[in-house]
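Data from protein34.tsv: TSV, C-alpha atoms
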chain	number	residue	atom	x	y	z
A	27	MET	CA	0.00	0.00	0.00
A	28	PRO	CA	2.74	2.60	0.76
A	29	ILE	CA	4.35	1.90	-2.64
A	30	ALA	CA	1.03	2.20	-4.46
A	31	ARG	CA	0.17	5.40	-2.61
A	32	ALA	CA	3.60	6.93	-3.29
A	33	THR	CA	3.38	5.99	-6.97
A	34	ALA	CA	-0.06	7.54	-7.30
A	35	TRP	CA	1.14	10.72	-5.56
A	36	ARG	CA	4.25	10.95	-7.75
A	37	THR	CA	2.15	10.51	-10.88
A	38	TRP	CA	-0.23	13.22	-9.70
A	39	GLN	CA	2.64	15.65	-9.13
A	40	MET	CA	4.07	14.93	-12.58
A	41	THR	CA	0.69	15.21	-14.26
A	42	ARG	CA	-0.16	18.42	-12.43
A	43	ARG	CA	2.91	20.06	-13.92
A	44	ALA	CA	2.58	18.63	-17.43
A	45	TYR	CA	-0.95	17.34	-17.98
A	46	PRO	CA	-1.19	15.01	-21.01
A	47	TRP	CA	-4.10	16.75	-22.70
A	48	SER	CA	-3.75	14.43	-25.68
A	49	TYR	CA	-4.81	11.56	-23.41
A	50	ALA	CA	-7.90	13.46	-22.23
A	51	VAL	CA	-8.93	14.56	-25.71
A	52	GLY	CA	-8.21	11.09	-27.07
A	53	THR	CA	-10.50	9.61	-24.44
A	54	VAL	CA	-13.43	12.01	-24.41
A	55	LEU	CA	-13.66	12.90	-28.09
A	56	PRO	CA	-13.98	9.34	-29.53
A	57	ALA	CA	-16.66	8.44	-26.99
A	58	ALA	CA	-18.58	11.67	-27.66
A	59	LEU	CA	-18.37	11.17	-31.42
A	60	THR	CA	-19.46	7.54	-31.17
A	61	ILE	CA	-22.52	8.45	-29.13
A	62	SER	CA	-23.38	11.41	-31.36
A	63	LEU	CA	-23.07	9.37	-34.56
A	64	ALA	CA	-25.13	6.58	-33.02
A	65	GLN	CA	-27.92	9.03	-32.24
A	66	LEU	CA	-27.75	10.47	-35.77
A	67	ALA	CA	-27.91	7.02	-37.34
A	68	PHE	CA	-30.67	5.91	-35.00
A	69	HIS	CA	-32.97	8.77	-35.96
A	70	ALA	CA	-31.87	9.65	-39.51
A	71	ILE	CA	-31.25	6.15	-40.88
A	72	GLY	CA	-33.08	3.77	-38.57
A	73	GLY	CA	-36.14	5.94	-38.11
A	74	GLY	CA	-36.00	5.49	-34.36
A	75	THR	CA	-36.21	1.69	-34.52
A	76	VAL	CA	-33.77	-1.22	-34.35
A	77	ASN	CA	-33.94	-4.81	-35.54
A	78	ASP	CA	-35.85	-7.24	-33.39
A	79	ASP	CA	-32.68	-9.26	-32.80
A	80	PHE	CA	-31.07	-6.34	-30.95
A	81	THR	CA	-31.70	-7.59	-27.44
A	82	ALA	CA	-31.42	-4.19	-25.79
A	83	GLY	CA	-34.47	-2.88	-27.65
A	84	ALA	CA	-35.08	0.44	-29.35
A	85	ASP	CA	-35.87	2.26	-26.11
A	86	THR	CA	-32.42	1.49	-24.68
A	87	TYR	CA	-30.31	1.43	-27.85
A	88	LEU	CA	-28.66	4.81	-27.30
A	89	ALA	CA	-28.13	4.07	-23.63
A	90	TYR	CA	-26.47	0.76	-24.62
A	91	ILE	CA	-24.13	2.63	-26.98
A	92	ALA	CA	-23.41	5.30	-24.36
A	93	VAL	CA	-22.45	2.72	-21.73
A	94	GLY	CA	-20.31	0.73	-24.16
A	95	ALA	CA	-18.53	3.71	-25.71
A	96	THR	CA	-17.73	5.17	-22.30
A	97	ALA	CA	-16.51	1.82	-20.97
A	98	PHE	CA	-14.32	1.27	-24.02
A	99	GLN	CA	-12.66	4.66	-23.74
A	100	PHE	CA	-12.18	4.02	-20.03
A	101	THR	CA	-10.46	0.75	-20.97
A	102	VAL	CA	-8.24	2.55	-23.46
A	103	ARG	CA	-7.37	5.13	-20.82
A	104	LEU	CA	-6.31	2.51	-18.28
A	105	ILE	CA	-4.16	0.71	-20.84
A	106	LEU	CA	-2.45	3.95	-21.86
A	107	TRP	CA	-1.54	4.61	-18.22
A	108	SER	CA	-0.93	1.16	-16.75
A	109	ALA	CA	0.38	-0.97	-19.61
A	110	LYS	CA	2.67	1.79	-20.88
A	111	ALA	CA	4.08	2.62	-17.45
A	112	LEU	CA	7.16	0.42	-17.73
A	113	ILE	CA	8.02	1.34	-21.32
A	114	THR	CA	7.66	4.99	-20.36
A	115	GLU	CA	10.23	4.40	-17.61
A	116	GLN	CA	12.40	2.66	-20.21
A	117	ARG	CA	12.18	5.59	-22.62
A	118	GLN	CA	13.00	8.05	-19.84
A	119	GLY	CA	16.02	6.00	-18.81
A	120	THR	CA	14.69	5.20	-15.35
A	121	LEU	CA	13.68	1.55	-15.83
A	122	ALA	CA	16.94	0.16	-14.43
A	123	ALA	CA	16.60	2.34	-11.32
A	124	LEU	CA	13.03	1.15	-10.88
A	125	LEU	CA	14.03	-2.51	-11.17
A	126	ILE	CA	16.72	-2.29	-8.50
A	127	ALA	CA	14.58	-0.20	-6.15
A	128	PRO	CA	13.15	-2.03	-3.11
A	129	ALA	CA	9.62	-1.77	-4.48
A	130	GLY	CA	7.44	-4.51	-5.88
A	131	ARG	CA	6.16	-4.17	-9.41
A	132	LEU	CA	2.57	-5.04	-8.50
A	133	PRO	CA	2.03	-2.16	-6.03
A	134	TYR	CA	3.78	0.19	-8.46
A	135	LEU	CA	1.32	-0.73	-11.21
A	136	LEU	CA	-1.59	-0.60	-8.78
A	137	GLY	CA	-0.65	2.95	-7.83
A	138	LEU	CA	-0.60	4.03	-11.47
A	139	THR	CA	-3.92	2.34	-12.09
A	140	ALA	CA	-5.50	4.02	-9.07
A	141	PHE	CA	-4.39	7.41	-10.37
A	142	ALA	CA	-5.67	6.57	-13.87
A	143	VAL	CA	-9.07	5.58	-12.51
A	144	LEU	CA	-9.47	8.75	-10.44
A	145	SER	CA	-8.30	11.08	-13.22
A	146	SER	CA	-10.52	9.31	-15.76
A	147	LEU	CA	-13.59	9.77	-13.57
A	148	VAL	CA	-13.07	13.51	-13.67
A	149	GLU	CA	-12.57	13.52	-17.43
A	150	PHE	CA	-15.68	11.44	-18.07
A	151	LEU	CA	-17.82	14.20	-16.62
A	152	ALA	CA	-17.43	15.69	-20.10
A	153	ILE	CA	-19.10	12.61	-21.60
A	154	GLY	CA	-21.95	13.05	-19.13
A	155	ALA	CA	-22.36	16.60	-20.41
A	156	VAL	CA	-22.55	15.29	-23.98
A	157	LEU	CA	-25.27	12.82	-22.98
A	158	ALA	CA	-27.21	15.63	-21.33
A	159	LEU	CA	-26.93	17.85	-24.42
A	160	LEU	CA	-28.13	15.01	-26.65
A	161	GLY	CA	-30.99	14.21	-24.31
A	162	ILE	CA	-29.87	10.62	-23.74
A	163	SER	CA	-30.82	9.06	-20.42
A	164	VAL	CA	-29.17	5.88	-19.17
A	165	PRO	CA	-31.39	3.64	-17.02
A	166	VAL	CA	-29.84	1.88	-14.05
A	167	ALA	CA	-31.41	-1.49	-13.34
A	168	SER	CA	-29.05	-2.41	-10.50
A	169	PRO	CA	-26.82	0.18	-8.78
A	170	LEU	CA	-24.90	-2.58	-6.98
A	171	GLY	CA	-24.47	-4.36	-10.29
A	172	VAL	CA	-23.07	-1.18	-11.83
A	173	LEU	CA	-20.54	-0.85	-9.00
A	174	ALA	CA	-19.58	-4.52	-9.26
A	175	GLY	CA	-19.31	-4.27	-13.04
A	176	ALA	CA	-17.10	-1.19	-12.86
A	177	LEU	CA	-14.77	-2.87	-10.36
A	178	ALA	CA	-14.76	-6.01	-12.51
A	179	LEU	CA	-13.82	-3.99	-15.61
A	180	ILE	CA	-11.01	-2.18	-13.80
A	181	SER	CA	-9.64	-5.48	-12.48
A	182	ALA	CA	-9.96	-7.20	-15.85
A	183	VAL	CA	-8.15	-4.42	-17.71
A	184	PHE	CA	-5.44	-4.27	-15.05
A	185	SER	CA	-4.80	-8.00	-15.40
A	186	LEU	CA	-4.32	-7.53	-19.14
A	187	CYS	CA	-2.05	-4.53	-18.60
A	188	VAL	CA	0.49	-6.47	-16.52
A	189	GLY	CA	1.34	-8.90	-19.30
A	190	LEU	CA	0.97	-6.28	-22.02
A	191	GLY	CA	3.38	-3.97	-20.22
A	192	GLY	CA	5.92	-6.78	-20.09
A	193	LEU	CA	5.49	-7.43	-23.80
A	194	MET	CA	6.05	-3.75	-24.55
A	195	ILE	CA	9.37	-3.47	-22.73
A	196	ALA	CA	10.59	-6.83	-24.08
A	197	ALA	CA	9.78	-5.84	-27.67
A	198	GLY	CA	10.81	-2.22	-27.23
A	199	GLU	CA	7.62	-0.82	-28.79
A	200	ALA	CA	4.17	0.14	-27.62
A	201	HIS	CA	1.98	1.40	-30.44
A	202	ILE	CA	1.54	-1.84	-32.39
A	203	SER	CA	0.89	-3.79	-29.20
A	204	GLN	CA	-1.58	-1.37	-27.67
A	205	ASN	CA	-3.48	-0.71	-30.89
A	206	THR	CA	-3.81	-4.43	-31.56
A	207	VAL	CA	-5.26	-4.90	-28.09
A	208	PHE	CA	-7.65	-1.96	-28.63
A	209	ILE	CA	-8.96	-3.51	-31.86
A	210	VAL	CA	-9.37	-6.97	-30.38
A	211	LEU	CA	-11.18	-5.72	-27.27
A	212	GLY	CA	-13.38	-3.34	-29.24
A	213	LEU	CA	-14.48	-6.00	-31.70
A	214	LEU	CA	-14.90	-9.00	-29.42
A	215	CYS	CA	-15.98	-7.88	-25.97
A	216	GLY	CA	-19.43	-6.47	-26.69
A	217	PHE	CA	-18.76	-2.85	-25.83
A	218	THR	CA	-21.05	-1.21	-28.40
A	219	PHE	CA	-22.91	-4.14	-29.95
A	220	PRO	CA	-24.11	-7.55	-28.73
A	221	ARG	CA	-21.66	-10.40	-29.24
A	222	ASP	CA	-24.43	-12.43	-30.87
A	223	TYR	CA	-23.64	-10.56	-34.07
A	224	LEU	CA	-20.14	-12.09	-34.15
A	225	PRO	CA	-19.27	-15.41	-35.84
A	226	ALA	CA	-19.22	-18.37	-33.47
A	227	PRO	CA	-15.38	-18.67	-33.36
A	228	ALA	CA	-15.12	-14.98	-32.45
A	229	GLN	CA	-17.66	-15.45	-29.67
A	230	TRP	CA	-15.63	-18.35	-28.27
A	231	LEU	CA	-12.48	-16.21	-28.36
A	232	ALA	CA	-14.31	-13.37	-26.63
A	233	GLU	CA	-15.18	-15.67	-23.73
A	234	ALA	CA	-11.44	-16.08	-23.06
A	235	LEU	CA	-11.10	-12.35	-22.27
A	236	PRO	CA	-12.05	-11.10	-18.80
A	237	THR	CA	-13.34	-7.79	-20.19
A	238	THR	CA	-16.15	-9.67	-21.98
A	239	ALA	CA	-17.74	-10.89	-18.76
A	240	ALA	CA	-17.19	-7.48	-17.16
A	241	MET	CA	-19.10	-5.78	-19.99
A	242	ASP	CA	-21.90	-8.32	-19.69
A	243	VAL	CA	-22.28	-7.24	-16.07
A	244	LEU	CA	-22.21	-3.53	-16.92
A	245	HIS	CA	-24.72	-3.79	-19.76
A	246	GLY	CA	-26.92	-6.06	-17.69
A	247	SER	CA	-26.86	-3.64	-14.78
A	248	PHE	CA	-27.71	-0.61	-16.90
A	249	THR	CA	-29.93	-1.58	-19.82
A	250	GLY	CA	-30.38	-5.33	-19.34
A	251	GLY	CA	-32.72	-5.13	-16.37
A	252	HIS	CA	-30.77	-7.72	-14.36
A	253	THR	CA	-30.14	-7.83	-10.64
A	254	LEU	CA	-26.78	-8.40	-9.02
A	255	ALA	CA	-27.75	-11.97	-8.15
A	256	GLU	CA	-28.54	-12.70	-11.78
A	257	LEU	CA	-25.20	-11.28	-12.85
A	258	ALA	CA	-23.20	-13.22	-10.24
A	259	PRO	CA	-22.21	-16.06	-12.64
A	260	ARG	CA	-20.66	-13.58	-15.09
A	261	LEU	CA	-18.89	-11.83	-12.22
A	262	ALA	CA	-17.44	-15.20	-11.18
A	263	VAL	CA	-16.23	-15.84	-14.74
A	264	CYS	CA	-14.62	-12.39	-14.85
A	265	ALA	CA	-12.92	-12.92	-11.49
A	266	ALA	CA	-11.53	-16.30	-12.54
A	267	LEU	CA	-10.17	-15.03	-15.87
A	268	THR	CA	-8.76	-11.93	-14.20
A	269	ALA	CA	-6.87	-14.10	-11.70
A	270	VAL	CA	-5.47	-16.25	-14.52
A	271	TYR	CA	-4.31	-13.30	-16.64
A	272	LEU	CA	-2.82	-11.56	-13.60
A	273	ALA	CA	-0.91	-14.67	-12.53
A	274	LEU	CA	0.43	-15.20	-16.06
A	275	GLY	CA	1.39	-11.55	-16.37
A	276	LEU	CA	3.25	-11.48	-13.06
A	277	LYS	CA	5.07	-14.67	-13.98
A	278	TYR	CA	6.10	-13.28	-17.36
A	279	LEU	CA	7.04	-9.79	-16.17
A	280	PRO	CA	10.49	-10.65	-14.63
A	281	HIS	CA	11.54	-12.35	-17.88
A	282	ALA	CA	10.40	-9.31	-19.87
A	283	GLU	CA	12.34	-6.99	-17.56
A	284	ALA	CA	15.47	-9.09	-17.96
A	285	ARG	CA	15.05	-9.03	-21.73
A	286	ALA	CA	14.60	-5.25	-21.68
A	287	LEU	CA	17.83	-4.78	-19.69
A	288	GLU	CA	19.72	-7.08	-22.05
A	289	ARG	CA	18.63	-5.04	-25.03
A	290	THR	CA	19.52	-1.77	-23.32
A	291	HIS	CA	22.91	-2.76	-21.94
Could you show the structure in this file as structure tokens?
Amino acid sequence: MPIARATAWRTWQMTRRAYPWSYAVGTVLPAALTISLAQLAFHAIGGGTVNDDFTAGADTYLAYIAVGATAFQFTVRLILWSAKALITEQRQGTLAALLIAPAGRLPYLLGLTAFAVLSSLVEFLAIGAVLALLGISVPVASPLGVLAGALALISAVFSLCVGLGGLMIAAGEAHISQNTVFIVLGLLCGFTFPRDYLPAPAQWLAEALPTTAAMDVLHGSFTGGHTLAELAPRLAVCAALTAVYLALGLKYLPHAEARALERTH
């Protein structure tokens, strides 16, 4: 806990002096545009109706898109902070100092993630303003389910970030890795459209990602009309996959750090 708290405080001090506005704009603008275009298409092209096979229904279509677009940009934001933390240290020339410091890597990454979550919450107030301007209301079927789903999504993304961060420093690049992950998550995990639209093999692959179950919980809690008890099986799936990805990432991370030092020195 002291390491995580110190890391979060250090990141806050750095960000306060040089705020990465590109991160904020890159998070808020895509979500706002996605929601705005969805509303335009819904009314101008769809005539205010959706196909019968869209399980959310016409009355919750825009809310479904709003929840998914916001959650996806939140996922992108966490990856940009947490997964890129180690390669940022590498680029700044401080990775070696970090590795020999008496601080565990897990609390270091947890501190960065905690800061990313808190800063993202403030930034997403802008998305709430967009929803208000567009007149889109998001129903909440289960407040406890929403809270559980949000925590599940944060945990799921963090578990992916540990291994992804190791891959980045081992390979010495970030953009190809992170953008590949963004595409895979956006297409497979049901952020802005039901996974039933995907081919069967893609649906099977989606079930292997913890973010898929987390999004099922979020959508079910907002527009799905489910209670927390009904969503408990998907929460259990998310927790199990998160534990697996986290364990694999922590096991791989020391090898990636060694590889990164070999390449550097």
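For the atom pair formed by CA of Leu112 (chain A) and CA of Ile209 (chain A), the distance is 21.8 Å, given to one decimal.
Taking CA of Lys277 (chain A) and CA of Ala178 (chain A) as endpoints, the distance between them is 21.7 Å.
For the pair CA of Ala239 (chain A) and CA of Ala95 (chain A), the separation is 16.2 Å.
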### Query
Skipping near chain neighbours, those fewer than 5 positions away, what residues fall within 9 Å of Ala111 (chain A) using only C-alpha atoms, listed as number ranges by chain?
A: 106, 116, 135, 138, 191
Residue subset to file, keeping C-alpha atoms, as an mmCIF file, in the frame of the given file:
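This is the output file out_31.cif:
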data_model
loop_
_atom_site.group_PDB
_atom_site.id
_atom_site.type_symbol
_atom_site.label_atom_id
_atom_site.label_comp_id
_atom_site.auth_asym_id
_atom_site.auth_seq_id
_atom_site.Cartn_x
_atom_site.Cartn_y
_atom_site.Cartn_z
ATOM 1 C CA LEU A 106 -2.450 3.950 -21.860
ATOM 2 C CA GLN A 116 12.400 2.660 -20.210
ATOM 3 C CA LEU A 135 1.320 -0.730 -11.210
ATOM 4 C CA LEU A 138 -0.600 4.030 -11.470
ATOM 5 C CA GLY A 191 3.380 -3.970 -20.220
#
## Note on the structure
Nearest to Phe150 (chain A), restricted to only C-alpha atoms and choosing among A:Ala30, A:Leu213, A:Leu274, A:Val51, comes out as A:Val51
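The environment of Val210 (chain A) within 12 Å, counting all atoms listed in the file and disregarding residues fewer than 6 places along the same chain, consists of Phe98, Val102, Ser203, Gln204, Gly216, Phe217, Ala228, Gln229, Leu231, Ala232, Ala234, Leu235, Thr237 and Thr238 of chain A.
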### Message
Need to verify the contact set: Val166 (chain A), 8 Å, all atoms listed in the file, exclusion of same-chain residues closer than 4 positions in sequence. Can you return it as a list in words?
### Response
Val172, Ser247, Phe248, Thr249 and Gly251 of chain A
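Each of A:Trp230, A:Tyr223, A:Tyr134, A:Tyr90 was checked against Arg36 (chain A) using only C-alpha atoms; the smallest atom-to-atom distance is that of A:Tyr134.
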#### Entry: Close residues, Tyr278 (chain A) itself excluded, 9 Å, all atoms listed in the file, min 6 positions apart in chain, as a PyMOL selection string
chain A and resi 188-189+192-193
### Task
Go through A:Ala273, A:Val93, A:Leu151, A:Leu279 and flag the residue nearest Val54 (chain A), using only C-alpha atoms for the distances.
A:Leu151
Padding 6 Å on each side, edges along x, y and z: where is the centre of the box around the listed atoms of region 161-179 of chain A, and how long are its edges in Å to one decimal? Output it as lines of an AutoDock Vina configuration file.
center_x = -22.6
center_y = 4.1
center_z = -15.6
size_x = 29.6
size_y = 32.2
size_z = 29.3
### Task
Would you list the residues near (-23.5, 11.5, -27.5), meaning any protein, DNA or RNA residue with an atom at most 8 Å from that point in file coordinates, counting all atoms listed in the file, as number ranges by chain?
A: 57-65, 92, 153, 156-157, 159-160, 162
### Task
Pick out the residues sitting within 12 Å of Leu125 (chain A), and hand them over as a list in words; count only C-alpha atoms, and ignore anything fewer than 3 positions along from it in its own chain.
Leu112, Glu115, Gln116, Gly119, Thr120, Leu121, Ala122, Pro128, Ala129, Gly130, Arg131, Tyr134, Leu279, Pro280, Ala282, Glu283, Ala284, Ala286 and Leu287 of chain A
For those residues, write C-alpha atoms to a file as a PDB file, in the frame of the given file.
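Output file out10.pdb follows:
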ATOM      1  CA  LEU A 112       7.160   0.420 -17.730  1.00  0.00           C
ATOM      2  CA  GLU A 115      10.230   4.400 -17.610  1.00  0.00           C
ATOM      3  CA  GLN A 116      12.400   2.660 -20.210  1.00  0.00           C
ATOM      4  CA  GLY A 119      16.020   6.000 -18.810  1.00  0.00           C
ATOM      5  CA  THR A 120      14.690   5.200 -15.350  1.00  0.00           C
ATOM      6  CA  LEU A 121      13.680   1.550 -15.830  1.00  0.00           C
ATOM      7  CA  ALA A 122      16.940   0.160 -14.430  1.00  0.00           C
ATOM      8  CA  PRO A 128      13.150  -2.030  -3.110  1.00  0.00           C
ATOM      9  CA  ALA A 129       9.620  -1.770  -4.480  1.00  0.00           C
ATOM     10  CA  GLY A 130       7.440  -4.510  -5.880  1.00  0.00           C
ATOM     11  CA  ARG A 131       6.160  -4.170  -9.410  1.00  0.00           C
ATOM     12  CA  TYR A 134       3.780   0.190  -8.460  1.00  0.00           C
ATOM     13  CA  LEU A 279       7.040  -9.790 -16.170  1.00  0.00           C
ATOM     14  CA  PRO A 280      10.490 -10.650 -14.630  1.00  0.00           C
ATOM     15  CA  ALA A 282      10.400  -9.310 -19.870  1.00  0.00           C
ATOM     16  CA  GLU A 283      12.340  -6.990 -17.560  1.00  0.00           C
ATOM     17  CA  ALA A 284      15.470  -9.090 -17.960  1.00  0.00           C
ATOM     18  CA  ALA A 286      14.600  -5.250 -21.680  1.00  0.00           C
ATOM     19  CA  LEU A 287      17.830  -4.780 -19.690  1.00  0.00           C
TER      20      LEU A 287
END
Generate the missing atoms of region 214-234 of chain A up to N, CA, C and O atoms and report them as a compact mmCIF listing (two decimals), in the frame of the given file.
# COMPACT_ATOMS: atom_id res chain seq x y z
N LEU A 214 -14.46 -7.73 -29.98
CA LEU A 214 -14.90 -9.00 -29.42
C LEU A 214 -15.71 -8.90 -28.13
O LEU A 214 -16.51 -9.78 -27.84
N CYS A 215 -15.49 -7.87 -27.36
CA CYS A 215 -15.98 -7.88 -25.97
C CYS A 215 -17.36 -7.29 -25.76
O CYS A 215 -17.80 -7.15 -24.62
N GLY A 216 -18.06 -6.92 -26.83
CA GLY A 216 -19.43 -6.47 -26.69
C GLY A 216 -19.58 -5.09 -26.08
O GLY A 216 -20.53 -4.84 -25.34
N PHE A 217 -18.66 -4.19 -26.39
CA PHE A 217 -18.76 -2.85 -25.83
C PHE A 217 -19.96 -2.09 -26.42
O PHE A 217 -20.80 -1.56 -25.69
N THR A 218 -20.02 -2.03 -27.75
CA THR A 218 -21.05 -1.21 -28.40
C THR A 218 -22.04 -2.00 -29.24
O THR A 218 -22.91 -1.42 -29.88
N PHE A 219 -21.91 -3.31 -29.28
CA PHE A 219 -22.91 -4.14 -29.95
C PHE A 219 -22.91 -5.53 -29.32
O PHE A 219 -21.88 -5.98 -28.82
N PRO A 220 -24.05 -6.22 -29.34
CA PRO A 220 -24.11 -7.55 -28.73
C PRO A 220 -23.19 -8.53 -29.43
O PRO A 220 -23.03 -8.51 -30.66
N ARG A 221 -22.58 -9.42 -28.66
CA ARG A 221 -21.66 -10.40 -29.24
C ARG A 221 -22.37 -11.43 -30.11
O ARG A 221 -21.72 -12.15 -30.86
N ASP A 222 -23.69 -11.50 -30.03
CA ASP A 222 -24.43 -12.43 -30.87
C ASP A 222 -24.25 -12.13 -32.35
O ASP A 222 -24.49 -13.01 -33.20
N TYR A 223 -23.86 -10.92 -32.67
CA TYR A 223 -23.64 -10.56 -34.07
C TYR A 223 -22.33 -11.13 -34.61
O TYR A 223 -22.10 -11.10 -35.82
N LEU A 224 -21.44 -11.58 -33.74
CA LEU A 224 -20.14 -12.09 -34.15
C LEU A 224 -20.25 -13.55 -34.62
O LEU A 224 -21.14 -14.28 -34.19
N PRO A 225 -19.33 -13.98 -35.49
CA PRO A 225 -19.27 -15.41 -35.84
C PRO A 225 -18.98 -16.24 -34.60
O PRO A 225 -18.39 -15.76 -33.63
N ALA A 226 -19.38 -17.50 -34.64
CA ALA A 226 -19.22 -18.37 -33.47
C ALA A 226 -17.78 -18.45 -32.98
O ALA A 226 -17.54 -18.35 -31.77
N PRO A 227 -16.77 -18.62 -33.86
CA PRO A 227 -15.38 -18.67 -33.36
C PRO A 227 -14.97 -17.40 -32.62
O PRO A 227 -14.25 -17.45 -31.62
N ALA A 228 -15.45 -16.24 -33.11
CA ALA A 228 -15.12 -14.98 -32.45
C ALA A 228 -15.79 -14.90 -31.08
O ALA A 228 -15.20 -14.36 -30.12
N GLN A 229 -16.99 -15.44 -30.97
CA GLN A 229 -17.66 -15.45 -29.67
C GLN A 229 -16.92 -16.33 -28.68
O GLN A 229 -16.81 -16.01 -27.50
N TRP A 230 -16.41 -17.47 -29.16
CA TRP A 230 -15.63 -18.35 -28.27
C TRP A 230 -14.36 -17.64 -27.80
O TRP A 230 -13.99 -17.74 -26.63
N LEU A 231 -13.70 -16.94 -28.73
CA LEU A 231 -12.48 -16.21 -28.36
C LEU A 231 -12.80 -15.11 -27.37
O LEU A 231 -12.03 -14.87 -26.42
N ALA A 232 -13.93 -14.45 -27.55
CA ALA A 232 -14.31 -13.37 -26.63
C ALA A 232 -14.48 -13.88 -25.20
O ALA A 232 -14.17 -13.18 -24.24
N GLU A 233 -14.97 -15.11 -25.06
CA GLU A 233 -15.18 -15.67 -23.73
C GLU A 233 -13.87 -15.90 -22.99
O GLU A 233 -13.87 -16.09 -21.77
N ALA A 234 -12.75 -15.89 -23.70
CA ALA A 234 -11.44 -16.08 -23.06
C ALA A 234 -10.87 -14.77 -22.53
O ALA A 234 -9.80 -14.78 -21.90
